Amino acid sequence: MKISMIGAGGWGTALTHVLSKKHDSLFLYCRNEKKAEKLRKTRINEEYLPGVILSDKINISSDLENVVKDADCVILCTPSKAVESTVTQIEKYLKKDVITVCASKGLADNKGTRLSQVIAKKLSKVTNKIVALSGPNHAEEVGEDKPCATVAASCDEDAVRFVQDIFMSPMFRVYRSDDICGVEYAGALKNIIALACGVQDGLGLGDNCRAALMTRGLTEITRFGISFNAKMSTFLGLAGMGDLIATCTSIHSRNYRAGRALSEGKTAKEIIESTSMVVEGIRTAKLVNEIAERKGIDMPITKEICHLLEGKHSPQESLEVLMTRAKKSETEGYLFDKEEFFIKP
């Protein structure tokens, strides 16, 4: 069985490391040949996942056709904005009914299009076996073989069970879900709240404030997901609350680190230019805010993060806006019996 990973960043490298514990025919695509050659020689991704030694079983290549041709499973682990172009490139090399996994987190556009939807559309003549993989998984800890759990989600039960089987190990536990919509929205939107938590920690606002921010953040990203027919229960699981906890409280999170930089007065442009890693939350916040305003979804934290990114508010001004909003019931906006939220007019 041939398994191919597209993307040699930290997460793609860590997932390939996990797979190498169980599989022999593994391919890792690195688009830069010089970096691919260095990886082949050193077996260490110094730029994105230092300290993790990759198995000799992993075939590292910059030849995209060689990596994906005849693969039984292809895993996409690129920045969200590169998913569509990557799928367009590989479509002609894929075999019929290949299981395609999206391990990237983010949205495709300001209409709320999910990455799996982009993949499904591009590969409609090749396969309908599309799976999303998402959860509270820092690449650094996965690479160090520390125990973790994640979620594989798909409308195709055979495909999701296949992905569960290929990844499952004593250190990497995989749960199944049929709510691919909720899993993807949760994975994308939690990065916005991680930015906010980075700001609050940078300001030294304390544990109480962080707890409030994470809890209300979970409320609003759930509200957004439900408006696109996601299940509320998904946001209370690993893909939602689990990923939110990991991303909002750890220095491993690039979105959390970006939030701390915002609290220090750095601009979005300065933050983006200061790292080789993609800070998905910055792009996602802008897309989600546009959608929320257009659809009338109440997302005050997201709005204030956008005000910070655009330089319209200082962190202190955003804090005041959030803390002095109109009084309301904690459960206002919920419709528990229908498992959905009201969308504010």
# chains A, B, ... in the order shown; residues from 1 in each chain; ligands from 1
call {"tool": "residues_around", "arguments": {"residues": "Ile60 in chain A", "least_positions_apart": "4", "cutoff": "10 Å", "atoms": "only C-alpha atoms", "output": "list in words"}}
result
Ser4, Met5, Ala8, Leu26, Phe27, Leu28, Tyr29, Cys30, Glu33, Lys35, Ala36, Glu37, Lys38, Leu39, Arg40, Lys41, Arg43, Asp56 and Val67 of chain A
call {"tool": "residues_around", "arguments": {"residues": "Lys125 in chain A", "least_positions_apart": "6", "cutoff": "12 Å", "atoms": "only C-alpha atoms", "output": "CSV table (one decimal) with all heavy atoms, in the first residue's frame"}}
result
chain,number,residue,atom,x,y,z
A,91,GLU,N,-4.2,16.0,-9.8
A,91,GLU,CA,-5.4,15.3,-10.3
A,91,GLU,C,-5.1,14.4,-11.4
A,91,GLU,O,-5.6,13.2,-11.5
A,91,GLU,CB,-6.5,16.4,-10.7
A,91,GLU,CG,-7.8,15.8,-11.1
A,91,GLU,CD,-7.9,15.5,-12.6
A,91,GLU,OE1,-7.1,16.1,-13.4
A,91,GLU,OE2,-8.8,14.8,-13.0
A,92,LYS,N,-4.3,14.8,-12.4
A,92,LYS,CA,-4.0,13.9,-13.5
A,92,LYS,C,-3.2,12.7,-13.2
A,92,LYS,O,-3.1,11.8,-14.0
A,92,LYS,CB,-3.3,14.8,-14.6
A,92,LYS,CG,-2.0,15.4,-14.2
A,92,LYS,CD,-1.5,16.4,-15.3
A,92,LYS,CE,-0.3,17.1,-14.8
A,92,LYS,NZ,0.2,18.1,-15.8
A,94,LEU,N,-3.5,10.9,-10.2
A,94,LEU,CA,-4.1,10.0,-9.2
A,94,LEU,C,-4.9,8.9,-9.9
A,94,LEU,O,-5.5,9.0,-10.9
A,94,LEU,CB,-5.1,10.9,-8.4
A,94,LEU,CG,-4.5,12.0,-7.6
A,94,LEU,CD1,-5.7,12.8,-6.9
A,94,LEU,CD2,-3.5,11.5,-6.6
A,95,LYS,N,-4.9,7.8,-9.1
A,95,LYS,CA,-5.6,6.6,-9.6
A,95,LYS,C,-7.1,6.7,-9.2
A,95,LYS,O,-7.4,7.4,-8.2
A,95,LYS,CB,-4.9,5.3,-9.2
A,95,LYS,CG,-5.1,4.9,-7.7
A,95,LYS,CD,-4.4,3.6,-7.5
A,95,LYS,CE,-4.6,3.1,-6.1
A,95,LYS,NZ,-4.0,1.7,-5.9
A,96,LYS,N,-7.9,6.0,-9.8
A,96,LYS,CA,-9.3,6.0,-9.5
A,96,LYS,C,-9.6,5.5,-8.1
A,96,LYS,O,-9.0,4.6,-7.6
A,96,LYS,CB,-10.1,5.0,-10.5
A,96,LYS,CG,-11.6,5.1,-10.4
A,96,LYS,CD,-12.2,6.4,-10.9
A,96,LYS,CE,-13.7,6.3,-11.0
A,96,LYS,NZ,-14.2,7.6,-11.4
A,97,ASP,N,-10.5,6.3,-7.4
A,97,ASP,CA,-11.0,6.0,-6.1
A,97,ASP,C,-9.9,6.1,-5.0
A,97,ASP,O,-10.0,5.5,-3.9
A,97,ASP,CB,-11.6,4.6,-6.0
A,97,ASP,CG,-12.9,4.6,-6.8
A,97,ASP,OD1,-13.6,5.6,-6.9
A,97,ASP,OD2,-13.2,3.5,-7.4
A,98,VAL,N,-8.9,6.9,-5.3
A,98,VAL,CA,-7.8,7.1,-4.3
A,98,VAL,C,-8.4,7.8,-3.0
A,98,VAL,O,-9.3,8.7,-3.2
A,98,VAL,CB,-6.7,8.0,-4.8
A,98,VAL,CG1,-7.1,9.3,-5.3
A,98,VAL,CG2,-5.6,8.1,-3.8
A,119,ILE,N,-11.5,20.1,-2.7
A,119,ILE,CA,-10.9,18.9,-3.1
A,119,ILE,C,-11.9,18.0,-3.8
A,119,ILE,O,-11.6,17.5,-4.9
A,119,ILE,CB,-10.3,18.1,-1.9
A,119,ILE,CG1,-9.2,18.9,-1.3
A,119,ILE,CG2,-9.8,16.7,-2.3
A,119,ILE,CD1,-8.7,18.4,0.1
call {"tool": "select_by_dssp", "arguments": {"residues": "range 116-294 of chain A", "states": "strand (DSSP E)", "output": "PDB file with all heavy atoms, in the first residue's frame"}}
result
ATOM      1  N   ILE A 130     -13.248  11.379   0.290  1.00  0.00           N
ATOM      2  CA  ILE A 130     -12.558  12.526   0.866  1.00  0.00           C
ATOM      3  C   ILE A 130     -12.704  12.496   2.392  1.00  0.00           C
ATOM      4  O   ILE A 130     -13.806  12.333   2.919  1.00  0.00           O
ATOM      5  CB  ILE A 130     -13.136  13.854   0.336  1.00  0.00           C
ATOM      6  CG1 ILE A 130     -13.299  13.815  -1.194  1.00  0.00           C
ATOM      7  CG2 ILE A 130     -12.262  15.027   0.776  1.00  0.00           C
ATOM      8  CD1 ILE A 130     -12.017  13.657  -1.955  1.00  0.00           C
ATOM      9  N   VAL A 131     -11.593  12.663   3.098  1.00  0.00           N
ATOM     10  CA  VAL A 131     -11.580  12.602   4.562  1.00  0.00           C
ATOM     11  C   VAL A 131     -10.852  13.833   5.110  1.00  0.00           C
ATOM     12  O   VAL A 131      -9.847  14.272   4.551  1.00  0.00           O
ATOM     13  CB  VAL A 131     -10.869  11.331   5.055  1.00  0.00           C
ATOM     14  CG1 VAL A 131     -10.876  11.258   6.580  1.00  0.00           C
ATOM     15  CG2 VAL A 131     -11.504  10.084   4.460  1.00  0.00           C
ATOM     16  N   ALA A 132     -11.374  14.395   6.204  1.00  0.00           N
ATOM     17  CA  ALA A 132     -10.680  15.484   6.911  1.00  0.00           C
ATOM     18  C   ALA A 132     -10.074  14.931   8.184  1.00  0.00           C
ATOM     19  O   ALA A 132     -10.700  14.125   8.886  1.00  0.00           O
ATOM     20  CB  ALA A 132     -11.643  16.616   7.230  1.00  0.00           C
ATOM     21  N   LEU A 133      -8.858  15.345   8.491  1.00  0.00           N
ATOM     22  CA  LEU A 133      -8.168  14.921   9.710  1.00  0.00           C
ATOM     23  C   LEU A 133      -7.857  16.157  10.533  1.00  0.00           C
ATOM     24  O   LEU A 133      -7.161  17.066  10.065  1.00  0.00           O
ATOM     25  CB  LEU A 133      -6.872  14.184   9.353  1.00  0.00           C
ATOM     26  CG  LEU A 133      -6.132  13.501  10.508  1.00  0.00           C
ATOM     27  CD1 LEU A 133      -6.893  12.249  10.953  1.00  0.00           C
ATOM     28  CD2 LEU A 133      -4.712  13.124  10.087  1.00  0.00           C
ATOM     29  N   SER A 134      -8.383  16.202  11.755  1.00  0.00           N
ATOM     30  CA  SER A 134      -8.202  17.415  12.561  1.00  0.00           C
ATOM     31  C   SER A 134      -8.341  17.093  14.041  1.00  0.00           C
ATOM     32  O   SER A 134      -9.101  16.205  14.431  1.00  0.00           O
ATOM     33  CB  SER A 134      -9.256  18.459  12.157  1.00  0.00           C
ATOM     34  OG  SER A 134      -9.022  19.703  12.779  1.00  0.00           O
ATOM     35  N   CYS A 148      -1.490  11.364  21.824  1.00  0.00           N
ATOM     36  CA  CYS A 148      -2.486  12.356  21.428  1.00  0.00           C
ATOM     37  C   CYS A 148      -3.665  11.657  20.768  1.00  0.00           C
ATOM     38  O   CYS A 148      -3.630  10.452  20.502  1.00  0.00           O
ATOM     39  CB  CYS A 148      -1.888  13.393  20.485  1.00  0.00           C
ATOM     40  SG  CYS A 148      -1.444  12.731  18.865  1.00  0.00           S
ATOM     41  N   ALA A 149      -4.714  12.422  20.520  1.00  0.00           N
ATOM     42  CA  ALA A 149      -5.893  11.892  19.835  1.00  0.00           C
ATOM     43  C   ALA A 149      -6.351  12.895  18.799  1.00  0.00           C
ATOM     44  O   ALA A 149      -6.131  14.103  18.939  1.00  0.00           O
ATOM     45  CB  ALA A 149      -7.009  11.617  20.834  1.00  0.00           C
ATOM     46  N   THR A 150      -7.000  12.393  17.748  1.00  0.00           N
ATOM     47  CA  THR A 150      -7.474  13.265  16.676  1.00  0.00           C
ATOM     48  C   THR A 150      -8.761  12.686  16.097  1.00  0.00           C
ATOM     49  O   THR A 150      -9.252  11.650  16.549  1.00  0.00           O
ATOM     50  CB  THR A 150      -6.380  13.418  15.600  1.00  0.00           C
ATOM     51  OG1 THR A 150      -6.685  14.531  14.758  1.00  0.00           O
ATOM     52  CG2 THR A 150      -6.241  12.156  14.759  1.00  0.00           C
ATOM     53  N   VAL A 151      -9.317  13.372  15.096  1.00  0.00           N
ATOM     54  CA  VAL A 151     -10.574  12.948  14.492  1.00  0.00           C
ATOM     55  C   VAL A 151     -10.427  12.854  12.979  1.00  0.00           C
ATOM     56  O   VAL A 151      -9.900  13.764  12.334  1.00  0.00           O
ATOM     57  CB  VAL A 151     -11.711  13.943  14.811  1.00  0.00           C
ATOM     58  CG1 VAL A 151     -13.026  13.467  14.197  1.00  0.00           C
ATOM     59  CG2 VAL A 151     -11.870  14.122  16.308  1.00  0.00           C
ATOM     60  N   ALA A 152     -10.896  11.742  12.428  1.00  0.00           N
ATOM     61  CA  ALA A 152     -11.002  11.575  10.976  1.00  0.00           C
ATOM     62  C   ALA A 152     -12.485  11.659  10.638  1.00  0.00           C
ATOM     63  O   ALA A 152     -13.300  10.936  11.232  1.00  0.00           O
ATOM     64  CB  ALA A 152     -10.426  10.231  10.536  1.00  0.00           C
ATOM     65  N   ALA A 153     -12.847  12.536   9.708  1.00  0.00           N
ATOM     66  CA  ALA A 153     -14.257  12.752   9.399  1.00  0.00           C
ATOM     67  C   ALA A 153     -14.520  12.628   7.908  1.00  0.00           C
ATOM     68  O   ALA A 153     -13.731  13.106   7.082  1.00  0.00           O
ATOM     69  CB  ALA A 153     -14.702  14.132   9.883  1.00  0.00           C
ATOM     70  N   PHE A 172      -0.981   7.475  18.863  1.00  0.00           N
ATOM     71  CA  PHE A 172      -1.774   8.351  17.991  1.00  0.00           C
ATOM     72  C   PHE A 172      -3.158   7.717  17.817  1.00  0.00           C
ATOM     73  O   PHE A 172      -3.350   6.849  16.975  1.00  0.00           O
ATOM     74  CB  PHE A 172      -1.076   8.518  16.634  1.00  0.00           C
ATOM     75  CG  PHE A 172      -1.580   9.677  15.821  1.00  0.00           C
ATOM     76  CD1 PHE A 172      -1.098  10.958  16.051  1.00  0.00           C
ATOM     77  CD2 PHE A 172      -2.517   9.495  14.810  1.00  0.00           C
ATOM     78  CE1 PHE A 172      -1.545  12.036  15.296  1.00  0.00           C
ATOM     79  CE2 PHE A 172      -2.968  10.562  14.051  1.00  0.00           C
ATOM     80  CZ  PHE A 172      -2.475  11.840  14.294  1.00  0.00           C
ATOM     81  N   ARG A 173      -4.098   8.146  18.665  1.00  0.00           N
ATOM     82  CA  ARG A 173      -5.440   7.562  18.657  1.00  0.00           C
ATOM     83  C   ARG A 173      -6.356   8.368  17.731  1.00  0.00           C
ATOM     84  O   ARG A 173      -6.410   9.604  17.816  1.00  0.00           O
ATOM     85  CB  ARG A 173      -6.009   7.530  20.064  1.00  0.00           C
ATOM     86  CG  ARG A 173      -7.377   6.868  20.143  1.00  0.00           C
ATOM     87  CD  ARG A 173      -7.799   6.588  21.577  1.00  0.00           C
ATOM     88  NE  ARG A 173      -9.128   5.995  21.619  1.00  0.00           N
ATOM     89  CZ  ARG A 173      -9.387   4.711  21.383  1.00  0.00           C
ATOM     90  NH1 ARG A 173      -8.386   3.881  21.097  1.00  0.00           N
ATOM     91  NH2 ARG A 173     -10.616   4.246  21.431  1.00  0.00           N
ATOM     92  N   VAL A 174      -7.091   7.677  16.867  1.00  0.00           N
ATOM     93  CA  VAL A 174      -7.963   8.331  15.889  1.00  0.00           C
ATOM     94  C   VAL A 174      -9.418   7.928  16.122  1.00  0.00           C
ATOM     95  O   VAL A 174      -9.750   6.740  16.156  1.00  0.00           O
ATOM     96  CB  VAL A 174      -7.558   7.949  14.451  1.00  0.00           C
ATOM     97  CG1 VAL A 174      -8.402   8.725  13.441  1.00  0.00           C
ATOM     98  CG2 VAL A 174      -6.073   8.214  14.216  1.00  0.00           C
ATOM     99  N   TYR A 175     -10.257   8.945  16.268  1.00  0.00           N
ATOM    100  CA  TYR A 175     -11.702   8.719  16.376  1.00  0.00           C
ATOM    101  C   TYR A 175     -12.363   9.018  15.031  1.00  0.00           C
ATOM    102  O   TYR A 175     -11.843   9.799  14.230  1.00  0.00           O
ATOM    103  CB  TYR A 175     -12.308   9.625  17.449  1.00  0.00           C
ATOM    104  CG  TYR A 175     -11.954   9.227  18.867  1.00  0.00           C
ATOM    105  CD1 TYR A 175     -10.785   9.695  19.460  1.00  0.00           C
ATOM    106  CD2 TYR A 175     -12.765   8.384  19.604  1.00  0.00           C
ATOM    107  CE1 TYR A 175     -10.442   9.335  20.759  1.00  0.00           C
ATOM    108  CE2 TYR A 175     -12.436   8.010  20.909  1.00  0.00           C
ATOM    109  CZ  TYR A 175     -11.276   8.496  21.471  1.00  0.00           C
ATOM    110  OH  TYR A 175     -10.945   8.122  22.745  1.00  0.00           O
ATOM    111  N   ARG A 176     -13.523   8.402  14.792  1.00  0.00           N
ATOM    112  CA  ARG A 176     -14.281   8.634  13.562  1.00  0.00           C
ATOM    113  C   ARG A 176     -15.388   9.663  13.780  1.00  0.00           C
ATOM    114  O   ARG A 176     -15.912   9.801  14.885  1.00  0.00           O
ATOM    115  CB  ARG A 176     -14.936   7.345  13.049  1.00  0.00           C
ATOM    116  CG  ARG A 176     -13.999   6.250  12.650  1.00  0.00           C
ATOM    117  CD  ARG A 176     -14.773   5.124  11.957  1.00  0.00           C
ATOM    118  NE  ARG A 176     -15.876   4.602  12.756  1.00  0.00           N
ATOM    119  CZ  ARG A 176     -15.759   3.667  13.691  1.00  0.00           C
ATOM    120  NH1 ARG A 176     -14.563   3.175  13.971  1.00  0.00           N
ATOM    121  NH2 ARG A 176     -16.823   3.232  14.355  1.00  0.00           N
ATOM    122  N   SER A 177     -15.763  10.341  12.697  1.00  0.00           N
ATOM    123  CA  SER A 177     -16.911  11.243  12.710  1.00  0.00           C
ATOM    124  C   SER A 177     -17.517  11.294  11.316  1.00  0.00           C
ATOM    125  O   SER A 177     -16.797  11.177  10.312  1.00  0.00           O
ATOM    126  CB  SER A 177     -16.493  12.654  13.140  1.00  0.00           C
ATOM    127  OG  SER A 177     -17.555  13.582  12.968  1.00  0.00           O
TER     128      SER A 177
END
call {"tool": "closest_atom_pairs", "arguments": {"of": "range 159-197 of chain A", "to": "range 10-23 of chain A", "cutoff": "10 Å", "atoms": "only C-alpha atoms", "output": "JSON lines"}}
result
{"residue": "A:Ile166", "atom": "CA", "partner": "A:Leu19", "partner_atom": "CA", "distance": 7.1}
{"residue": "A:Phe167", "atom": "CA", "partner": "A:Leu19", "partner_atom": "CA", "distance": 6.1}
{"residue": "A:Met168", "atom": "CA", "partner": "A:Leu19", "partner_atom": "CA", "distance": 8.9}
{"residue": "A:Ser169", "atom": "CA", "partner": "A:Lys22", "partner_atom": "CA", "distance": 8.2}
{"residue": "A:Met171", "atom": "CA", "partner": "A:Val18", "partner_atom": "CA", "distance": 8.7}
{"residue": "A:Phe172", "atom": "CA", "partner": "A:Val18", "partner_atom": "CA", "distance": 7.6}
call {"tool": "select_by_dssp", "arguments": {"residues": "range 65-216 of chain A", "states": "alpha helix (DSSP H)", "output": "PyMOL selection string"}}
result
chain A and resi 65-68+83-90+115-122+139-143+157-167+180-202+206-216
call {"tool": "atom_distance", "arguments": {"atom1": "CA of Thr247 in chain A", "atom2": "CA of Ser116 in chain A"}}
result
21.9 Å
call {"tool": "closest_atom_pairs", "arguments": {"of": "range 84-119 of chain A", "to": "range 160-164 of chain A", "cutoff": "10 Å", "atoms": "only C-alpha atoms", "output": "tab-separated table"}}
result
residue	atom	partner	partner_atom	distance
A:Ile99	CA	A:Val163	CA	8.3
A:Thr100	CA	A:Val163	CA	9.4
A:Val101	CA	A:Val163	CA	8.0
call {"tool": "write_last_selection", "arguments": {"atoms": "C-alpha atoms", "output": "compact mmCIF listing (two decimals), in the first residue's frame"}}
result
# COMPACT_ATOMS: atom_id res chain seq x y z
CA ILE A 99 -8.56 8.03 -0.65
CA THR A 100 -7.74 11.71 -0.25
CA VAL A 101 -7.15 13.19 3.19
call {"tool": "residues_around", "arguments": {"residues": "range 182-191 of chain A", "least_positions_apart": "6", "cutoff": "6 Å", "atoms": "only C-alpha atoms", "output": "PyMOL selection string"}}
result
chain A and resi 105-106+225+230-231+234+239-240+244+281
call {"tool": "atom_distance", "arguments": {"atom1": "CA of Ser154 in chain A", "atom2": "CA of Leu64 in chain A"}}
result
25.4 Å
